[in-house]
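First up is the structure itself, then whatever we jot down about it.
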Amino acid sequence: MRARRFCPLLLMPFLLSAQQVSGDLRQWHRVTVAFHGPDTAEDATPNPFTDYRLAVEFRHVPTGRVVRVPGFYAADGNAAETSATRGRVWQVHFMPDAEGEWTFRASFRAGAWIAVDPAPDAGFAAAFDGATGRFTIGATDKKAPDFRARGLLKYIGGHYLQFAGSGEYFLKGGADSPENFLAYQDFDGTWDLDARFNEGENTTGKPFVHRYEPHVRDWMPGDPVWQKTKGKGIIGALNYFASKGMNSVYFLTYNIDGGDGKDVWPWTAPEVRDRFDTSKLAQWEIVFSHMDRLGLMLHMVTQETENDRRLGGSAGLNRVRKLYLRELVARFAHHPALIWNLGEENNTPDPDRRAIAAWIRELDPYDHPIGVHTHLNASRRFYDGILGDPHFEVSSIQADMAYYHEEAVQLRRRSAEAGRRWVIFHDEQSPADMGVLPDSEDPDHDIPRIEALWGNLMGGGAGVEWYFGYRFPHMDLNCEDWRSRERMWEQTRIALDFFHRELPFWEMEPVAPPFRVAEGSPMRVFAKIGEIYAIQFPRGGSAQIALPEGEYTVHWFNPRTRGGLQQGEVRELRGGKGRRWLGLPPADRSRDWVALIRRKR
């Protein structure tokens with residue numbers, strides 16, 4: 001095949017180009033710079049996605065710090081509304097992390113597959129290359145839970161992520177289902193490629209995509225839509241979810257080529273891998289921006305186990321995978337709270353995992369955390385080849401719920417020993433056909449609450465997302481109504497609120513019980529030794545406890561219902577030699593309770 005050649009003269013008419021800065025000029029908000037370049041289209045030659053490369057260097061004038069941000073082809077610049085497939089607009093989304101004056105300079109280069117060539121001088125200058133501008137950033141005007149009030153969610157070298165603006169530490173509670181969250185009828189170019197029964201996805205034999213009709217009533221005036229009426233179902237679903245105190249949503253961006261749902265892809269057609277659907281991705285951006293406002297983290301899972309060797313024909317960092325990841329980073333990395341997940345039940349060899357993570361890290365100007373999802377009960381060996389790698393920070397564990405506590409304790413310890421402390425997340429519950437059942441089938445959710453949620457948190461983990469299985473209604477692929485697990489959301493919120501309100505959890509660690517356990521009363525201890533102890537009694541009971549010298553208060557917390565601390569049989573303890581009886585909780589003494597012991601000041 002003859003190689004394509006480029007003629008710089010053909011691009012000269014675009015050297016005098018327009019540019020526009022838009023968005024809220026505030027810290028942590030999205031600022032978009034748009035440039036007029038070659039008039040082209042999604043299906044044009046040269047390919048605008050592979051054969052042009054936009055990158056913009058933003059410089060913070062007061063400090064001189066430079067942030068390099070990749071850009072993307074945006075058709076007419078308003079494709080979410082127009083469904084345009086052609087135009088001459090290139091854009092870059094930037095999240096300024098500091099107030100004050102910023103300047104920018106665009107690099108716009110052309111050449112065959114230059115989009116995935118990291119060399120700054122690759123190809124040749126084209127169109128608006130060298131365009132400059134400036135703007136001034138003020139303070140954010142948002143309030144929590146809006147992530148723009150809290151800033152970039154960062155890995156800081158410990159076992160919890162932290163917001164750069166507010167300094168708060170993050171504990172995750174969210175939805176792992178539906179994993180095909182983006183298979184939504186109102187997104188352009190979205191349909192079901194396989195109407196046959198697939199893990200309960202569709203028993204009617206008709207094509208299925210999400211409508212989220214039960215959540216249309218949760219859409220509120222002033223919330224976003226596109227093309228006048230589209231998007232109310234998915235926006236309403238997010239409104240409901242945030243109202244329950246949840247803060248994370250797990251979703252796939254690619255599930256065709258053998259994946260379960262066969263209904264999510266970012267390209268112009270299911271068989272295409274080098275051209276992106278500009279209007280669909282712009283509509284995704286509307287939804288993701290609303291998630292920022294609601295305080296819902298983007299847990300972006302880039303592939304499934306069934307297709308992890310089909311992107312570009314291999315599991316490695318080939319140019320097709322590079323292009324795919326570059327487009328995701330360019331369009332979505334500006335969101336303050338985002339995790340890159342290399343794949344669900346991932347089979348990629350460790351050297352390839354490390355190379356793919358390094359590529360994302362090279363592209364992502366904000367260094368969002370990177371993780372990879374495990375096979376069932378495999379975390380003890382699954383992460384061996386990447387622990388300590390400088391480009392991984394978080395786990396994404398699939399396991400039996402009974403293992404959550406032990407896995408959190410062990411992986412927390414092993415990652416620290418490897419020289420890079422991980423944030424321990426659990427993201428899927430077995431068995432696969434059940435996961436977390438609807439409230440109608442399991443109204444108390446005792447096992448998910450006791451073993452998974454509190455097991456993770458008491459083991460020094462940073463939270464969970466809930467998976468719905470495929471046996472019951474509103475399952476992993478066809479869930480239309482998050483109210484089907486409303487009591488699970490409530491119990492999750494109770495746990496997260498307790499940790500944020502009562503514990504300096506970022507200073508605490510799981511420890512061996514410093515006491516003798518009453519028979520039949522297993523327990524888990526999370527502590528800052530000599531200062532504060534949270535003790536989970538999964539099946540009730542009490543214990544004799546040995547504490548360092550000092551005086552301590554004793555309270556009890558009911559993890560099943562919303563409420564404050566309660567008094568039990570014993571209100572105070574004195575530390576020192578010997579053990580002291582902790583006493584029993586105030587009621588329901590055979591059920592799960594958490595004892596809170598604090599040193600008196």
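Numbering starts fresh at 1 for the residues of each chain in the structure tokens, the chains themselves are lettered A, B, ... in the order given, and ligands are numbered from 1 as they appear.
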
Spatial neighbours of Asp427 of chain A, 6 Å, only C-alpha atoms, chain gap at least 4 places, as a PyMOL selection string: chain A and resi 396-398+464-465

Dump of N, CA and C atoms for the selected residues, as an mmCIF file, in the first residue's frame:
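And here is the file that came out, result.cif:
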data_model
loop_
_atom_site.group_PDB
_atom_site.id
_atom_site.type_symbol
_atom_site.label_atom_id
_atom_site.label_comp_id
_atom_site.auth_asym_id
_atom_site.auth_seq_id
_atom_site.Cartn_x
_atom_site.Cartn_y
_atom_site.Cartn_z
ATOM 1 N N SER A 396 -9.049 -2.554 42.211
ATOM 2 C CA SER A 396 -10.439 -2.718 41.772
ATOM 3 C C SER A 396 -10.719 -4.209 41.867
ATOM 4 N N ILE A 397 -11.211 -4.645 43.037
ATOM 5 C CA ILE A 397 -11.212 -6.059 43.392
ATOM 6 C C ILE A 397 -12.600 -6.666 43.261
ATOM 7 N N GLN A 398 -12.656 -7.821 42.604
ATOM 8 C CA GLN A 398 -13.850 -8.663 42.557
ATOM 9 C C GLN A 398 -13.622 -9.849 43.492
ATOM 10 N N VAL A 464 -16.470 0.881 48.400
ATOM 11 C CA VAL A 464 -16.977 -0.155 47.507
ATOM 12 C C VAL A 464 -17.951 0.437 46.499
ATOM 13 N N GLU A 465 -18.124 -0.309 45.402
ATOM 14 C CA GLU A 465 -19.219 -0.094 44.461
ATOM 15 C C GLU A 465 -20.002 -1.394 44.383
#

As an MDAnalysis selection string, which residues of segment 46-278 of chain A does DSSP assign to strand (DSSP E)? chainID A and resid 52:60 66:70 72:73 86:94 100:110 124:125 132:137 153:154 162:163 172:175 248:252

Sort by chain and increasing residue number a table of all residues of segment 87-202 of chain A within 7 Å of segment 31-43 of chain A, each with its closest pair of atoms and their distance in Å to one decimal, counting only C-alpha atoms, and write it as a Markdown table.
| residue | atom | partner | partner_atom | distance |
| --- | --- | --- | --- | --- |
| A:Gly87 | CA | A:Asp39 | CA | 5.4 |
| A:Arg88 | CA | A:Asp39 | CA | 4.2 |
| A:Val89 | CA | A:His36 | CA | 4.9 |
| A:Trp90 | CA | A:Phe35 | CA | 5.2 |
| A:Gln91 | CA | A:Ala34 | CA | 4.4 |
| A:Val92 | CA | A:Val33 | CA | 5.4 |
| A:His93 | CA | A:Thr32 | CA | 4.6 |
| A:Phe94 | CA | A:Val31 | CA | 5.1 |
| A:Met95 | CA | A:Val31 | CA | 6.2 |
| A:Ala127 | CA | A:Gly37 | CA | 5.6 |
| A:Phe128 | CA | A:Gly37 | CA | 6.4 |

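Surrounding segment 339-347 of chain A within 8 Å are Met297, Leu298, His299, Met300, Val301, Thr302, Gln303, Glu304, Thr305, Asp308, Arg353, Ile356, Ala357, His368, Pro369, Ile370, Gly371, Val372, His373, Thr374, His375, Leu376 and Ser396 of chain A, with only C-alpha atoms counted and residues fewer than 6 positions along the same chain left out.
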
Need the shell around segment 268-277 of chain A: protein/DNA/RNA residues with any atom at most 7 Å away, counting only C-alpha atoms. Skip same-chain ones fewer than 3 positions apart. Format as an MDAnalysis selection string? chainID A and resid 42 49:50 265 280:281 320

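Atom CA of Phe147 of chain A to atom CA of Gly295 of chain A spans 5.4 Å [interatomic distance, one decimal].
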
Give me, as a PyMOL selection string, all polymer residues having an atom no more than 6 Å from segment 148-162 of chain A, counting only C-alpha atoms and skipping those fewer than 2 positions away in the same chain. chain A and resi 28-29+142-144+146+164-166+168-170+336-337+421-423

Any idea what's packed within 10 Å of Ala587 of chain A, counting only C-alpha atoms, ignoring anything in its chain fewer than 2 positions away? Could you give it as a list in words? Gly540, Asn558, Gln566, Gly568, Leu584, Pro585, Arg589, Ser590, Arg591 and Trp593 of chain A

With C-alpha atoms kept, could you save the residues just selected as a PDB file, in the first residue's frame?
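As a result, part_12.pdb now contains:
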ATOM      1  CA  GLY A 540     -22.956  -8.902  68.251  1.00  0.00           C
ATOM      2  CA  ASN A 558     -25.733   1.027  64.870  1.00  0.00           C
ATOM      3  CA  GLN A 566     -25.442   5.530  71.733  1.00  0.00           C
ATOM      4  CA  GLY A 568     -24.157   0.876  76.218  1.00  0.00           C
ATOM      5  CA  LEU A 584     -22.755  -4.827  75.672  1.00  0.00           C
ATOM      6  CA  PRO A 585     -24.425  -2.565  73.106  1.00  0.00           C
ATOM      7  CA  ARG A 589     -27.248  -7.563  71.008  1.00  0.00           C
ATOM      8  CA  SER A 590     -27.018 -10.463  68.578  1.00  0.00           C
ATOM      9  CA  ARG A 591     -26.748  -8.144  65.551  1.00  0.00           C
ATOM     10  CA  TRP A 593     -22.623  -3.107  66.127  1.00  0.00           C
TER      11      TRP A 593
END

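Proximity ranking of A:Pro559, A:Gly455, A:Pro513, A:Pro443 relative to Ala495 of chain A places A:Pro559 first, based on only C-alpha atoms.
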
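Near Ala432 of chain A, within 10 Å and counting only C-alpha atoms, sit Glu199, Leu376, Gln398, Ala399, Asp400, Glu428, Val436, Tyr467, Phe468, Gly469, Tyr470, Arg471 and Asp476 of chain A; same-chain residues fewer than 4 positions away were not included.
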
Would you please give, as an MDAnalysis selection string, all residues of segment 364-451 of chain A that DSSP assigns to helix (DSSP H, G or I) based on the backbone? chainID A and resid 379:382 401:417 446:451
